[in-house]
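Chemist: See my_file.cif below, with mmCIF, C-alpha atoms.
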```
data_work
#
loop_
_atom_site.label_atom_id
_atom_site.label_comp_id
_atom_site.auth_asym_id
_atom_site.auth_seq_id
_atom_site.Cartn_x
_atom_site.Cartn_y
_atom_site.Cartn_z
CA MET W 1 -16.58 -21.13 27.60
CA ASP W 2 -16.12 -17.39 28.14
CA TYR W 3 -17.60 -16.26 31.46
CA LYS W 4 -17.39 -12.53 30.65
CA ASN W 5 -20.06 -10.08 29.53
CA TRP W 6 -22.88 -12.27 30.84
CA TYR W 7 -24.90 -9.43 32.37
CA LYS W 8 -25.55 -5.73 31.99
CA PHE W 9 -27.08 -2.95 34.09
CA LEU W 10 -29.20 -0.18 32.61
CA PRO W 11 -30.94 2.79 34.27
CA LEU W 12 -34.63 2.34 35.09
CA ASN W 13 -35.69 5.79 33.79
CA LEU W 14 -39.17 5.30 35.31
CA ASP W 15 -40.65 6.30 38.67
CA LEU W 16 -39.89 3.39 41.01
CA ASN W 17 -42.67 4.25 43.50
CA ASP W 18 -45.27 4.32 40.71
CA LEU W 19 -44.12 0.87 39.52
CA ILE W 20 -44.26 -0.55 43.06
CA ALA W 21 -47.80 0.78 43.58
CA TRP W 22 -48.91 -0.64 40.20
CA ALA W 23 -47.34 -4.05 40.87
CA GLN W 24 -48.80 -4.35 44.38
CA LYS W 25 -52.30 -3.43 43.21
CA THR W 26 -52.08 -5.71 40.16
CA LYS W 27 -50.86 -8.80 42.01
CA SER W 28 -53.58 -8.37 44.64
CA GLU W 29 -56.12 -8.91 41.83
CA LEU W 30 -54.43 -12.00 40.34
CA GLU W 31 -53.90 -15.65 41.23
CA PRO W 32 -50.26 -16.84 41.36
CA ILE W 33 -49.09 -18.96 38.43
CA PRO W 34 -48.64 -22.65 39.27
CA GLN W 35 -44.93 -23.25 38.71
CA LEU W 36 -43.75 -26.83 38.89
CA TRP W 37 -40.09 -25.92 39.39
CA THR W 38 -40.48 -23.34 42.16
CA THR W 39 -41.02 -23.70 45.89
CA SER W 40 -43.60 -22.25 48.26
CA ASP W 41 -41.40 -19.23 49.04
CA LYS W 42 -41.90 -17.83 45.51
CA LYS W 43 -44.97 -16.55 43.67
CA TYR W 44 -45.31 -15.51 40.05
CA TYR W 45 -48.06 -13.50 38.39
CA ARG W 46 -48.52 -12.67 34.69
CA THR W 47 -50.22 -9.54 33.45
CA THR W 48 -50.15 -6.79 30.82
CA ALA W 49 -47.47 -4.12 31.21
CA PRO W 50 -48.58 -0.48 31.32
CA ASP W 51 -47.61 1.53 28.23
CA ASP W 52 -44.68 3.43 29.78
CA LEU W 53 -43.15 0.26 31.25
CA TRP W 54 -43.60 -1.60 27.95
CA ARG W 55 -41.95 1.28 26.04
CA ARG W 56 -38.95 1.36 28.42
CA ALA W 57 -38.43 -2.40 28.25
CA ASN W 58 -38.54 -2.37 24.45
CA GLU W 59 -35.94 0.39 24.29
CA ILE W 60 -33.50 -2.24 25.56
CA PHE W 61 -34.54 -5.15 23.35
CA PRO W 62 -37.74 -6.29 21.60
CA CYS W 63 -39.80 -8.01 24.30
CA LYS W 64 -42.08 -10.97 23.79
CA SER W 65 -45.64 -9.58 23.81
CA GLN W 66 -47.51 -12.90 23.73
CA TYR W 67 -46.38 -15.77 25.95
CA ILE W 68 -47.28 -19.44 25.66
CA GLU W 69 -47.15 -21.04 29.11
CA PRO W 70 -45.07 -24.26 28.88
CA TYR W 71 -47.11 -25.94 31.62
CA ASP W 72 -50.60 -25.50 30.21
CA GLY W 73 -50.03 -24.42 26.58
CA LEU W 74 -52.25 -21.36 27.01
CA GLU W 75 -51.29 -18.03 25.47
CA TYR W 76 -51.12 -14.81 27.48
CA GLY W 77 -50.61 -11.19 26.49
CA PRO W 78 -50.41 -8.68 25.02
CA ARG W 79 -47.36 -6.88 26.49
CA ILE W 80 -46.68 -9.77 28.88
CA VAL W 81 -44.83 -8.97 32.09
CA PHE W 82 -44.34 -11.23 35.10
CA ILE W 83 -44.39 -10.07 38.70
CA TRP W 84 -42.05 -12.15 40.89
CA GLU W 85 -42.50 -12.26 44.65
CA TYR W 86 -39.95 -14.00 46.88
CA THR W 87 -40.52 -14.43 50.59
CA GLU W 88 -38.24 -15.81 53.29
CA LYS W 89 -35.19 -15.36 51.03
CA GLY W 90 -36.51 -17.91 48.53
CA ARG W 91 -33.68 -19.29 46.43
CA LEU W 92 -33.62 -19.31 42.62
CA ARG W 93 -32.62 -22.88 41.79
CA CYS W 94 -29.84 -23.69 39.36
CA HIS W 95 -31.21 -23.72 35.79
CA ILE W 96 -30.59 -22.53 32.24
CA ASP W 97 -33.15 -21.12 29.82
CA GLY W 98 -33.69 -21.65 26.12
CA PRO W 99 -32.67 -24.81 24.23
CA LYS W 100 -30.17 -25.98 26.88
CA GLY W 101 -32.81 -25.72 29.58
CA HIS W 102 -35.37 -27.54 27.47
CA GLU W 103 -32.93 -30.36 26.70
CA SER W 104 -31.87 -30.71 30.34
CA GLY W 105 -35.38 -30.53 31.74
CA SER W 106 -34.27 -27.76 34.10
CA THR W 107 -36.53 -25.17 32.51
CA SER W 108 -38.13 -24.63 29.15
CA GLY W 109 -37.63 -20.99 28.22
CA TYR W 110 -37.45 -19.91 24.61
CA PRO W 111 -34.63 -20.35 22.08
CA GLY W 112 -32.57 -17.18 21.69
CA THR W 113 -34.26 -15.23 24.44
CA SER W 114 -32.79 -13.25 27.26
CA SER W 115 -34.40 -12.04 30.46
CA MET W 116 -34.83 -8.54 31.80
CA VAL W 117 -35.34 -8.09 35.52
CA ILE W 118 -36.58 -4.85 37.05
CA PRO W 119 -36.20 -5.07 40.85
CA LEU W 120 -38.86 -3.16 42.77
CA ILE W 121 -38.29 -4.17 46.40
CA GLY W 122 -35.16 -5.86 47.77
CA GLY W 123 -31.83 -6.69 46.20
CA PHE W 124 -30.86 -9.95 44.55
CA THR W 125 -27.60 -11.78 43.89
CA THR W 126 -27.38 -13.83 40.70
CA TRP W 127 -24.47 -16.17 40.08
CA ILE W 128 -23.39 -18.29 37.13
CA TYR W 129 -21.93 -21.77 37.32
CA ARG W 130 -19.10 -23.35 35.36
CA ASP W 131 -20.73 -25.35 32.58
CA ASP W 132 -20.90 -29.07 33.28
CA PRO W 133 -22.60 -31.77 31.17
CA ASN W 134 -23.87 -33.36 34.40
CA MET W 135 -25.10 -30.13 35.99
CA ARG W 136 -28.55 -31.49 36.71
CA ASP W 137 -27.13 -34.38 38.73
CA LEU W 138 -24.68 -32.32 40.78
CA THR W 139 -25.53 -31.21 44.30
CA GLU W 140 -25.29 -27.51 45.06
CA ASP W 141 -21.91 -27.88 46.78
CA GLN W 142 -20.53 -29.73 43.72
CA ARG W 143 -21.42 -26.87 41.35
CA GLU W 144 -18.71 -24.28 40.82
CA ILE W 145 -19.81 -20.64 40.92
CA VAL W 146 -17.58 -18.67 38.53
CA ASP W 147 -19.05 -15.17 38.91
CA GLN W 148 -21.83 -13.29 40.66
CA VAL W 149 -23.44 -9.87 40.75
CA THR W 150 -25.90 -8.13 43.09
CA TYR W 151 -28.49 -5.63 41.89
CA TYR W 152 -31.07 -3.39 43.51
CA PRO W 153 -34.23 -1.34 42.81
CA GLY W 154 -33.63 1.56 40.43
CA GLU W 155 -31.64 -0.58 38.00
CA ILE W 156 -32.56 -2.89 35.14
CA PHE W 157 -30.63 -6.16 35.05
CA ILE W 158 -30.30 -8.26 31.89
CA MET W 159 -28.34 -11.48 31.50
CA LYS W 160 -27.51 -14.27 29.10
CA ASN W 161 -29.82 -16.72 30.83
CA TYR W 162 -29.87 -18.78 27.61
CA GLU W 163 -26.11 -19.39 27.76
CA TYR W 164 -25.19 -19.81 31.44
CA TRP W 165 -26.41 -22.04 34.23
CA HIS W 166 -27.47 -19.65 36.96
CA GLY W 167 -29.11 -19.35 40.34
CA GLY W 168 -29.53 -16.72 42.98
CA LEU W 169 -30.68 -15.51 46.35
CA PRO W 170 -32.40 -12.32 47.57
CA THR W 171 -30.39 -10.00 49.80
CA ASP W 172 -33.52 -9.25 51.86
CA ASP W 173 -36.34 -11.27 53.42
CA TYR W 174 -38.78 -10.03 50.77
CA ARG W 175 -38.23 -9.38 47.09
CA MET W 176 -40.54 -8.15 44.34
CA ALA W 177 -39.41 -7.72 40.74
CA LEU W 178 -40.73 -7.51 37.19
CA PHE W 179 -39.56 -9.87 34.46
CA PHE W 180 -39.67 -9.72 30.65
CA PHE W 181 -38.54 -12.20 27.97
CA SER W 182 -36.90 -10.93 24.80
CA GLU W 183 -38.36 -11.93 21.47
CA SER W 184 -37.04 -15.22 20.09
CA ASP W 185 -34.01 -15.75 17.87
CA LEU W 186 -32.18 -12.56 18.80
CA GLU W 187 -28.94 -14.15 19.98
CA ALA W 188 -26.71 -12.10 17.63
CA GLU W 189 -28.38 -8.84 18.67
CA LEU W 190 -28.33 -9.79 22.35
CA ASN W 191 -24.65 -10.77 22.23
CA GLN W 192 -23.89 -7.36 20.69
CA LEU W 193 -25.88 -5.63 23.45
CA PHE W 194 -23.92 -7.44 26.16
CA ALA W 195 -20.61 -6.60 24.46
CA GLU W 196 -21.28 -2.83 24.38
#
```
Show me the file's structure as structure tokens.

Modeler:
Amino acid sequence: MDYKNWYKFLPLNLDLNDLIAWAQKTKSELEPIPQLWTTSDKKYYRTTAPDDLWRRANEIFPCKSQYIEPYDGLEYGPRIVFIWEYTEKGRLRCHIDGPKGHESGSTSGYPGTSSMVIPLIGGFTTWIYRDDPNMRDLTEDQREIVDQVTYYPGEIFIMKNYEYWHGGLPTDDYRMALFFFSESDLEAELNQLFAE
């Protein structure tokens, strides 16, 4: 497996302070999503992206507008965006999205989708692990990290979350970020984007 070209940074090209104010107001009006695979130090909210944010995200790749929640089968949208909130340096557990994640039980995700993360407050380090058929059964110290990258507010971070086992940790005690899924079945287009 090639462990190169697994992520990309792009400029935000939006006012960061406006996004923070919008996200803080929006999440204060919502209930967190029940997530079976997360811990109490993380909260997730789903909502509709404002027009300018939706336009910027879709300049990078076509984003999934409607989202079917794997845990309750309900559909959400349009212009679905997730607000992530991590407290106390909550760790992102080792998982893989898309078909591999669904088969392993580590997460469901969507086939051929990538993720786009827009950090608003706090930095975050994401790492990828060497692929292992027994990844789910390995303890954290048995998993081999092969690469990592840290990103901060003002950047957009995209990665091949459908291809690599990954995890991560905030650089600060509090983290807030926005998250989009790409449309399904775009692997060829996404691989080209990461290669550029």

Chemist: What separation in Å, quoted to one decimal, exists between CA of Ile80 in chain W and CA of Gln148 in chain W?

Modeler: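 Pair CA of Ile80 in chain W / CA of Gln148 in chain W returns 27.7 Å.
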
Chemist: The PyMOL selection byres ((chain W and resi 58-62) around 9) - which residues does that actually catch in the file I just gave you? List them as a PDB file with C-alpha atoms, in the frame of the given file.

Modeler:
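As written to disk, expr_4.pdb reads:
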```pdb
ATOM      1  CA  LEU W  10     -29.200  -0.180  32.610  1.00  0.00           C
ATOM      2  CA  LEU W  53     -43.150   0.260  31.250  1.00  0.00           C
ATOM      3  CA  TRP W  54     -43.600  -1.600  27.950  1.00  0.00           C
ATOM      4  CA  ARG W  55     -41.950   1.280  26.040  1.00  0.00           C
ATOM      5  CA  ARG W  56     -38.950   1.360  28.420  1.00  0.00           C
ATOM      6  CA  ALA W  57     -38.430  -2.400  28.250  1.00  0.00           C
ATOM      7  CA  CYS W  63     -39.800  -8.010  24.300  1.00  0.00           C
ATOM      8  CA  LYS W  64     -42.080 -10.970  23.790  1.00  0.00           C
ATOM      9  CA  SER W  65     -45.640  -9.580  23.810  1.00  0.00           C
ATOM     10  CA  MET W 116     -34.830  -8.540  31.800  1.00  0.00           C
ATOM     11  CA  PHE W 181     -38.540 -12.200  27.970  1.00  0.00           C
ATOM     12  CA  SER W 182     -36.900 -10.930  24.800  1.00  0.00           C
ATOM     13  CA  GLU W 183     -38.360 -11.930  21.470  1.00  0.00           C
ATOM     14  CA  LEU W 186     -32.180 -12.560  18.800  1.00  0.00           C
ATOM     15  CA  GLU W 189     -28.380  -8.840  18.670  1.00  0.00           C
ATOM     16  CA  LEU W 190     -28.330  -9.790  22.350  1.00  0.00           C
ATOM     17  CA  LEU W 193     -25.880  -5.630  23.450  1.00  0.00           C
TER      18      LEU W 193
END
```

Chemist: Can you turn the PyMOL selection byres ((chain W and resi 75-78) around 9) into a concrete residue list for this file, as number ranges by chain?

Modeler: W: 46-49, 64-69, 72-74, 79-81

Chemist: Just say which residues the PyMOL selection byres ((chain W and resi 125) around 6) picks in this file, as a PyMOL selection string.

Modeler: chain W and resi 124+126+149-150+168-169

Chemist: At what distance in Å, to one decimal, does CA of Phe9 in chain W lie from CA of Ile128 in chain W?

Modeler: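 Atom-to-atom, CA of Ile128 in chain W to CA of Phe9 in chain W, that is 16.1 Å.
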
Chemist: Which neighbours of Gln142 in chain W fall inside 12 Å, counting all atoms listed in the file, when residues of the same chain fewer than 6 positions from it are skipped, and could you give them as a list in words?

Modeler: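 What passes the distance filter is Cys94, Tyr129, Arg130, Asp131, Asp132, Asn134, Met135 and Arg136 of chain W.
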
Chemist: Using all atoms listed in the file, find the one residue out of W:Glu144, W:Tyr162, W:Met176, W:Tyr152 that sits nearest to Gln24 in chain W.

Modeler: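 Between W:Glu144, W:Tyr162, W:Met176, W:Tyr152, the residue approaching Gln24 in chain W most closely is W:Met176.
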
Chemist: Please indicate the distance in Å from CA of Tyr174 in chain W to CA of Trp22 in chain W, rounded to one decimal place.

Modeler: 17.4 Å

Chemist: Between W:Leu178, W:Lys4, W:Gly154, W:Glu88, which is the closest to Thr26 in chain W once you count only C-alpha atoms?

Modeler: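 Nearest candidate to Thr26 in chain W out of W:Leu178, W:Lys4, W:Gly154, W:Glu88: W:Leu178.
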
Chemist: Taking only C-alpha atoms into account, name the residue in W:Pro32, W:Gly90, W:Pro119, W:Tyr164 that is nearest to Asn17 in chain W.

Modeler: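 For Asn17 in chain W, the nearest of the given residues is W:Pro119.
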
Chemist: Could you add the missing atoms to range 133-146 of chain W, up to N, CA, C and O atoms, and return them as an mmCIF file, keeping the file's coordinate frame?

Modeler:
```cif
data_model
loop_
_atom_site.group_PDB
_atom_site.id
_atom_site.type_symbol
_atom_site.label_atom_id
_atom_site.label_comp_id
_atom_site.auth_asym_id
_atom_site.auth_seq_id
_atom_site.Cartn_x
_atom_site.Cartn_y
_atom_site.Cartn_z
ATOM 1 N N PRO W 133 -21.585 -30.944 31.839
ATOM 2 C CA PRO W 133 -22.600 -31.770 31.170
ATOM 3 C C PRO W 133 -23.507 -32.509 32.145
ATOM 4 O O PRO W 133 -24.601 -32.924 31.783
ATOM 5 N N ASN W 134 -23.070 -32.654 33.395
ATOM 6 C CA ASN W 134 -23.870 -33.360 34.400
ATOM 7 C C ASN W 134 -24.470 -32.406 35.422
ATOM 8 O O ASN W 134 -24.775 -32.815 36.544
ATOM 9 N N MET W 135 -24.654 -31.152 35.038
ATOM 10 C CA MET W 135 -25.100 -30.130 35.990
ATOM 11 C C MET W 135 -26.342 -30.543 36.758
ATOM 12 O O MET W 135 -26.429 -30.343 37.965
ATOM 13 N N ARG W 136 -27.292 -31.119 36.061
ATOM 14 C CA ARG W 136 -28.550 -31.490 36.710
ATOM 15 C C ARG W 136 -28.358 -32.483 37.853
ATOM 16 O O ARG W 136 -29.112 -32.491 38.816
ATOM 17 N N ASP W 137 -27.349 -33.325 37.728
ATOM 18 C CA ASP W 137 -27.130 -34.380 38.730
ATOM 19 C C ASP W 137 -26.212 -33.950 39.864
ATOM 20 O O ASP W 137 -26.056 -34.685 40.837
ATOM 21 N N LEU W 138 -25.595 -32.773 39.739
ATOM 22 C CA LEU W 138 -24.680 -32.320 40.780
ATOM 23 C C LEU W 138 -25.449 -31.709 41.942
ATOM 24 O O LEU W 138 -26.479 -31.065 41.747
ATOM 25 N N THR W 139 -24.951 -31.895 43.138
ATOM 26 C CA THR W 139 -25.530 -31.210 44.300
ATOM 27 C C THR W 139 -25.018 -29.775 44.295
ATOM 28 O O THR W 139 -24.034 -29.449 43.611
ATOM 29 N N GLU W 140 -25.665 -28.922 45.070
ATOM 30 C CA GLU W 140 -25.290 -27.510 45.060
ATOM 31 C C GLU W 140 -23.823 -27.305 45.430
ATOM 32 O O GLU W 140 -23.138 -26.473 44.834
ATOM 33 N N ASP W 141 -23.308 -28.065 46.389
ATOM 34 C CA ASP W 141 -21.910 -27.880 46.780
ATOM 35 C C ASP W 141 -20.923 -28.448 45.761
ATOM 36 O O ASP W 141 -19.721 -28.174 45.840
ATOM 37 N N GLN W 142 -21.401 -29.216 44.791
ATOM 38 C CA GLN W 142 -20.530 -29.730 43.720
ATOM 39 C C GLN W 142 -20.472 -28.771 42.528
ATOM 40 O O GLN W 142 -19.602 -28.905 41.676
ATOM 41 N N ARG W 143 -21.394 -27.830 42.466
ATOM 42 C CA ARG W 143 -21.420 -26.870 41.350
ATOM 43 C C ARG W 143 -20.457 -25.731 41.647
ATOM 44 O O ARG W 143 -20.436 -25.203 42.755
ATOM 45 N N GLU W 144 -19.700 -25.340 40.633
ATOM 46 C CA GLU W 144 -18.710 -24.280 40.820
ATOM 47 C C GLU W 144 -19.270 -22.942 40.346
ATOM 48 O O GLU W 144 -19.589 -22.767 39.170
ATOM 49 N N ILE W 145 -19.386 -21.994 41.269
ATOM 50 C CA ILE W 145 -19.810 -20.640 40.920
ATOM 51 C C ILE W 145 -18.591 -19.908 40.361
ATOM 52 O O ILE W 145 -17.534 -19.862 41.015
ATOM 53 N N VAL W 146 -18.719 -19.347 39.147
ATOM 54 C CA VAL W 146 -17.580 -18.670 38.530
ATOM 55 C C VAL W 146 -17.695 -17.147 38.588
ATOM 56 O O VAL W 146 -16.694 -16.451 38.445
#
```
